[in-house]
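Accompanying notes for the structure given below.
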Amino acid sequence: MAKNTVIQKILEKHIVSGNPVPGEPVAIRIDQTLTQDATGTMAYLELEAMNIDRVKTELSVSYVDHNMMQNGPENRNDHLYLQSVAAAKGVVFSRPGNGICHQVHLERFGVPGKTLLGSDSHTPTNGGIGMMAIGAGGLDVALAMAGQPFRMAYPKIIGVKLTGRLSDWVSAKDVILEMLRILTTKGNVGCMVEYYGEGVATLTVPQRATITNMGAELGVTCSVFPSDEMTKEFLEKQGRGGSWTELKADNPEYDKDIEIDLSKLRPLAACPSSPDNIKTIAELAGTEVGQVIIGSCTNSSFRDLTIVGAMLKGRKISPNVTLSIAPGSRQVLEMLARNGTLADIISAGARILESGCGPCIGQGQSPANDTVTLRTFNRNFPGRTGTKGDQNYLVSPEVAAAAALTGKITDPAALGFAYPQVKDAEKFLIDDSMLIRPPCCGKNIEIIRKKTIGSPPVNQAMPETIKGTVVIRTGDKTSTDDIMPAGVHLKHRSNIPEYAKVVFERFNEDGKPTFAQRAAAVRDAGRHGIIVGRDSYGQGSSREHAAICPMYLGVKAVIAYAIERIHAANLINFGIVPFTFVNKEDYELLPEGTEIVIENLPEKLAKRAFPIIAKANGREIPLTSKLSDEDIRILLAGGRLNLK
Ligand code: MIC
Ligand code: SF4
């Protein structure tokens with residue numbers, strides 16, 4: 001078992017119960033929370049349902065960064081609710097325009113050695129500053145705000161030794177793409193990643209944050225860098241030097257070892273349509289590109305956009321390409337505006353978007369059909385751009401800027417000019433006026449609830465017998481974007497009956513009832529909906545709507561080869577049993593429409609009588625599930641909100 005690691009040092013200070021053995025359930029104290037608007041409205045509605053007057057954390061921040069299009073009143077209604085509930089409950093509110101939650105949190109709030117729980121899967125970004133930063137569903141974050149510990153499996157720790165230093169034109173993005181090449185998106189549930197070795201000191205905090213951000217794509221619980229002189233310098237430049245403490249591993253031993261020589265890395269891309277479909281830029285060079293977008297919580301720091309600005313300065317983008325840039329935060333945008341880099345970017349022909357998630361979550365800028373889009377983002381699941389059949393490549397800012405200039409995927413080293421020697425900021429521009437601190441007492445604050453703000457639906461206790469019907473069988477790597485699409489539907493996050501209409505929309509076929517219609521018909525016939533999947537079911541986003549909306553439509557169980565961590569927790573929180581097949585070949589026995597019976601389920605779960613037998617077409621199908629005692633209690637009650 002791992003020893004002397006940074007991760008264990010943080011865990012030791014935060015564990016409140018459980019056995020510190022990999023795979024065993026433990027509960028940890030949460031120091032800070034963050035929410036964003038698309039998951040936040042549900043989280044605060046859930047917090048309100050818990051009757052908590054004021055949050056119990058050291059710091060909780062509510063960001064608005066996802067739902068910013070304001071096509072119709074829904075988004076602004078959400079913002080007003082979020083701002084008022086933050087004031088009422090003692091939460092800092094980051095106004096729309098202030099930036100993407102993970103970037104702003106890194107700049108203004110992240111503290112080495114502390115725990116952060118966020119209702120967004122890329123919360124591990126703040127591992128770049130030495131935090132144990134974990135993504136979770138909104139309900140788990142609401143519970144943390146209410147002062148409850150966070151439950152998870154004690155991790156296996158993967159140690160990644162970094163040696164050497166990145167060569168010119170090679171970027172932090174290439175480090176994490178290399179990690180995705182090595183580990184893939186599958187099979188890493190229950191692990192945490194720790195970076196160490198002399199290569200660490202060569203990476204700045206925003207570069208480290210690019211790497212920890214996309215740990216989410218590996219499916220690990222979080223990724224953590226030590227806190228060193230580089231961390232201290234970053235915090236001092238943010239005017240927060242007092243938050244620094246040193247965190248380092250002493251002769252660490254890990255459960256699994258990986259070594260990456262930074263000097264040997266070359267520019268890479270994640271090809272359509274999975275973050276682990278990695279090729280070198282050299283292999284892809286010459287591919288025609290129609291669109292380039294630089295931004296997202298992965299790659300829109302001051303350093304990232306400064307290098308892009310230096311590459312574009314005095315040049316024009318190719319006439320066949322559109323280039324859009326969304327700076328990660330208002331701090332970054334204002335600094336670029338003040339030092340002239342923004343003018344260089346605009347002059348080259350870029351379209352400037354507001355500081356927020358924007359195209360990363362399908363909020364505008366969908367590419368044309370049959371066109372390659374190159375993005376510095378972290379996810380390229382099919383259709384996430386808003387275009388069916390999209391060809392989305394994930395790359396570094398350097399590779400993105402090179403393609404914008406040439407109209408083709410291009411190794412930036414072949415551009416014919418030297419790697420710009422950009423310096424990090426001497427000091428960051430500090431202006432917290434878009435962060436609204438809560439008053440000391442929120443009792444008299446009126447919470448603004450316009451008509452598009454609904455309430456979380458309530459589930460029934462688990463039935464004695466599951467009389468199930470398979471409503472869909474999805475296959476491998478079903479992402480939460482597949483289950484609950486965002487894009488144009490994102491604005492319905494606060495209105496479950498409306499949002500539930502588009503569950504599994506990507507799988508709709510002409511002339512066939514939609515998933516929502518089929519599930520509702522099963523429910524109205526007094527039966528229970530069942531979803532069948534294969535590997536990595538529920539990968540990607542933390543959106544608990546991927547559990548709430550199926551629950552609303554009467555789904556009682558998901559059966560798959562493997563279910564990703566955050567999604568499995570969300571299913572449990574809303575009373576849906578996450579089963580895995582004991583025999584993978586049984587997947588073939590459960591096509592859509594199959595009727596399944598599971599008798600005496602509450603009793604079997606309470607006794608942990610695994611494998612639990614499902615009967616279908618005269619066959620017996622053994623199912624299992626890794627559930628803690630608390631998970632079983634929640635499932636029997638029909639969801640966490642039913643437990644008082
Ligand atoms: C994403 O990148 O998919 C999101 C949108 O940020 C999600 C959260 C959500 O669905 O609101 C995530 O990563 O958790
Ligand atoms: Fe926003 Fe994209 Fe980051 Fe999700 S991955 S938080 S949508 S920028």
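Each chain in the structure tokens gets a letter, A, B and so on, in the order shown; residues start at 1 in every chain, and ligands are counted from 1 in the order they appear.
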
Pick out the residues no farther than 7 Å from ligand 1, counting only C-alpha atoms and all ligand atoms, and list them as a PDB file with N, CA and C atoms, in the first residue's frame.
```
ATOM      1  N   ALA A  38     -25.107  25.685 -13.538  1.00  0.00           N
ATOM      2  CA  ALA A  38     -25.871  24.617 -14.192  1.00  0.00           C
ATOM      3  C   ALA A  38     -26.173  23.458 -13.243  1.00  0.00           C
ATOM      4  N   THR A  39     -25.303  23.263 -12.241  1.00  0.00           N
ATOM      5  CA  THR A  39     -25.589  22.243 -11.228  1.00  0.00           C
ATOM      6  C   THR A  39     -26.020  22.903  -9.920  1.00  0.00           C
ATOM      7  N   HIS A  66     -21.672  28.788 -16.671  1.00  0.00           N
ATOM      8  CA  HIS A  66     -22.120  27.852 -17.714  1.00  0.00           C
ATOM      9  C   HIS A  66     -23.281  28.402 -18.535  1.00  0.00           C
ATOM     10  N   SER A 119     -19.515  20.909  -7.350  1.00  0.00           N
ATOM     11  CA  SER A 119     -20.532  20.232  -8.164  1.00  0.00           C
ATOM     12  C   SER A 119     -20.184  20.403  -9.641  1.00  0.00           C
ATOM     13  N   ASP A 120     -18.991  19.999  -9.970  1.00  0.00           N
ATOM     14  CA  ASP A 120     -18.530  20.006 -11.351  1.00  0.00           C
ATOM     15  C   ASP A 120     -17.365  19.030 -11.435  1.00  0.00           C
ATOM     16  N   SER A 121     -17.342  18.215 -12.467  1.00  0.00           N
ATOM     17  CA  SER A 121     -16.351  17.136 -12.517  1.00  0.00           C
ATOM     18  C   SER A 121     -14.915  17.644 -12.648  1.00  0.00           C
ATOM     19  N   HIS A 122     -14.740  18.901 -13.100  1.00  0.00           N
ATOM     20  CA  HIS A 122     -13.367  19.416 -13.227  1.00  0.00           C
ATOM     21  C   HIS A 122     -12.876  20.162 -11.986  1.00  0.00           C
ATOM     22  N   CYS A 360     -17.618  25.148 -24.846  1.00  0.00           N
ATOM     23  CA  CYS A 360     -17.201  23.874 -24.241  1.00  0.00           C
ATOM     24  C   CYS A 360     -18.418  23.050 -23.848  1.00  0.00           C
ATOM     25  N   ILE A 361     -19.507  23.738 -23.483  1.00  0.00           N
ATOM     26  CA  ILE A 361     -20.712  22.999 -23.116  1.00  0.00           C
ATOM     27  C   ILE A 361     -21.832  23.267 -24.128  1.00  0.00           C
ATOM     28  N   ASP A 481     -23.170  13.343 -20.969  1.00  0.00           N
ATOM     29  CA  ASP A 481     -23.665  14.168 -22.092  1.00  0.00           C
ATOM     30  C   ASP A 481     -24.636  13.349 -22.943  1.00  0.00           C
ATOM     31  N   ALA A 486     -26.555  18.797 -22.911  1.00  0.00           N
ATOM     32  CA  ALA A 486     -26.520  20.187 -22.425  1.00  0.00           C
ATOM     33  C   ALA A 486     -26.910  21.106 -23.583  1.00  0.00           C
ATOM     34  N   GLY A 540     -17.707  11.317 -17.503  1.00  0.00           N
ATOM     35  CA  GLY A 540     -17.814  12.731 -17.846  1.00  0.00           C
ATOM     36  C   GLY A 540     -18.354  13.560 -16.706  1.00  0.00           C
ATOM     37  N   SER A 541     -19.307  14.390 -17.049  1.00  0.00           N
ATOM     38  CA  SER A 541     -19.786  15.429 -16.150  1.00  0.00           C
ATOM     39  C   SER A 541     -20.372  14.891 -14.841  1.00  0.00           C
ATOM     40  N   SER A 542     -20.431  15.782 -13.854  1.00  0.00           N
ATOM     41  CA  SER A 542     -20.995  15.428 -12.544  1.00  0.00           C
ATOM     42  C   SER A 542     -22.499  15.659 -12.501  1.00  0.00           C
ATOM     43  N   ARG A 543     -23.107  16.098 -13.607  1.00  0.00           N
ATOM     44  CA  ARG A 543     -24.504  16.550 -13.564  1.00  0.00           C
ATOM     45  C   ARG A 543     -25.418  15.484 -12.957  1.00  0.00           C
TER      46      ARG A 543
END
```

* **Test item: residues lying within 9 Å of ligand 2 with only C-alpha atoms and all ligand atoms, as a ChimeraX atom specification** => /A:36,65-66,100-103,120-123,213-214,295-299,328,356-362,377-379,541

* To do: Find the residue from A:Phe93, A:Tyr393, A:Arg208, A:Tyr254 that sits nearest to Cys271 (chain A); use only C-alpha atoms when measuring.
  =>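 The answer is A:Tyr393, which sits nearest to Cys271 (chain A).
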
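Computed from the coordinates, the CA of Ser433 (chain A) to CA of Glu46 (chain A) distance equals 28.3 Å.
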
* Atom-to-atom span, CA of Arg449 (chain A) and CA of Leu353 (chain A), Å -> 29.0 Å

* To do: Pick out each residue of region 314-389 of chain A that DSSP on the backbone tags as alpha helix (DSSP H); I need them as a PyMOL selection string.
  => chain A and resi 330-339+341-348

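Computed from the coordinates, the CA of Asp535 (chain A) to CA of Thr469 (chain A) distance equals 20.7 Å.
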
Name the residues in contact with Asn320 (chain A) at a cut-off of 12 Å, using only C-alpha atoms, excluding same-chain residues fewer than 3 positions from it; report them as a PDB file with C-alpha atoms, in the first residue's frame.
```
ATOM      1  CA  GLU A 288      -7.885  20.708 -42.986  1.00  0.00           C
ATOM      2  CA  VAL A 289      -9.406  22.639 -40.066  1.00  0.00           C
ATOM      3  CA  GLY A 290     -12.581  24.768 -40.167  1.00  0.00           C
ATOM      4  CA  GLN A 291     -12.721  26.071 -36.618  1.00  0.00           C
ATOM      5  CA  VAL A 292     -10.374  26.757 -33.715  1.00  0.00           C
ATOM      6  CA  LYS A 316      -3.598  37.041 -39.693  1.00  0.00           C
ATOM      7  CA  ILE A 317      -5.590  33.848 -39.330  1.00  0.00           C
ATOM      8  CA  LEU A 323     -10.888  31.467 -34.337  1.00  0.00           C
ATOM      9  CA  GLY A 349      -8.945  38.017 -36.675  1.00  0.00           C
ATOM     10  CA  THR A 371     -15.675  20.098 -40.447  1.00  0.00           C
ATOM     11  CA  VAL A 372     -12.730  19.575 -38.157  1.00  0.00           C
ATOM     12  CA  THR A 373     -12.839  21.715 -35.011  1.00  0.00           C
ATOM     13  CA  ALA A 403      -3.880  25.726 -36.964  1.00  0.00           C
ATOM     14  CA  ALA A 404      -5.625  29.099 -36.838  1.00  0.00           C
ATOM     15  CA  LEU A 405      -2.705  30.590 -38.764  1.00  0.00           C
ATOM     16  CA  THR A 406      -2.327  27.842 -41.367  1.00  0.00           C
ATOM     17  CA  GLY A 407      -5.860  26.391 -41.708  1.00  0.00           C
ATOM     18  CA  LYS A 408      -4.433  22.900 -41.144  1.00  0.00           C
TER      19      LYS A 408
END
```

* In region 420-607 of chain A, what's strand (DSSP E or B) per DSSP? Answer as a VMD selection string? -> chain A and resid 435 to 436 466 to 473 479 528 to 532 537 539 555 to 560 563 577 to 581 595 to 598
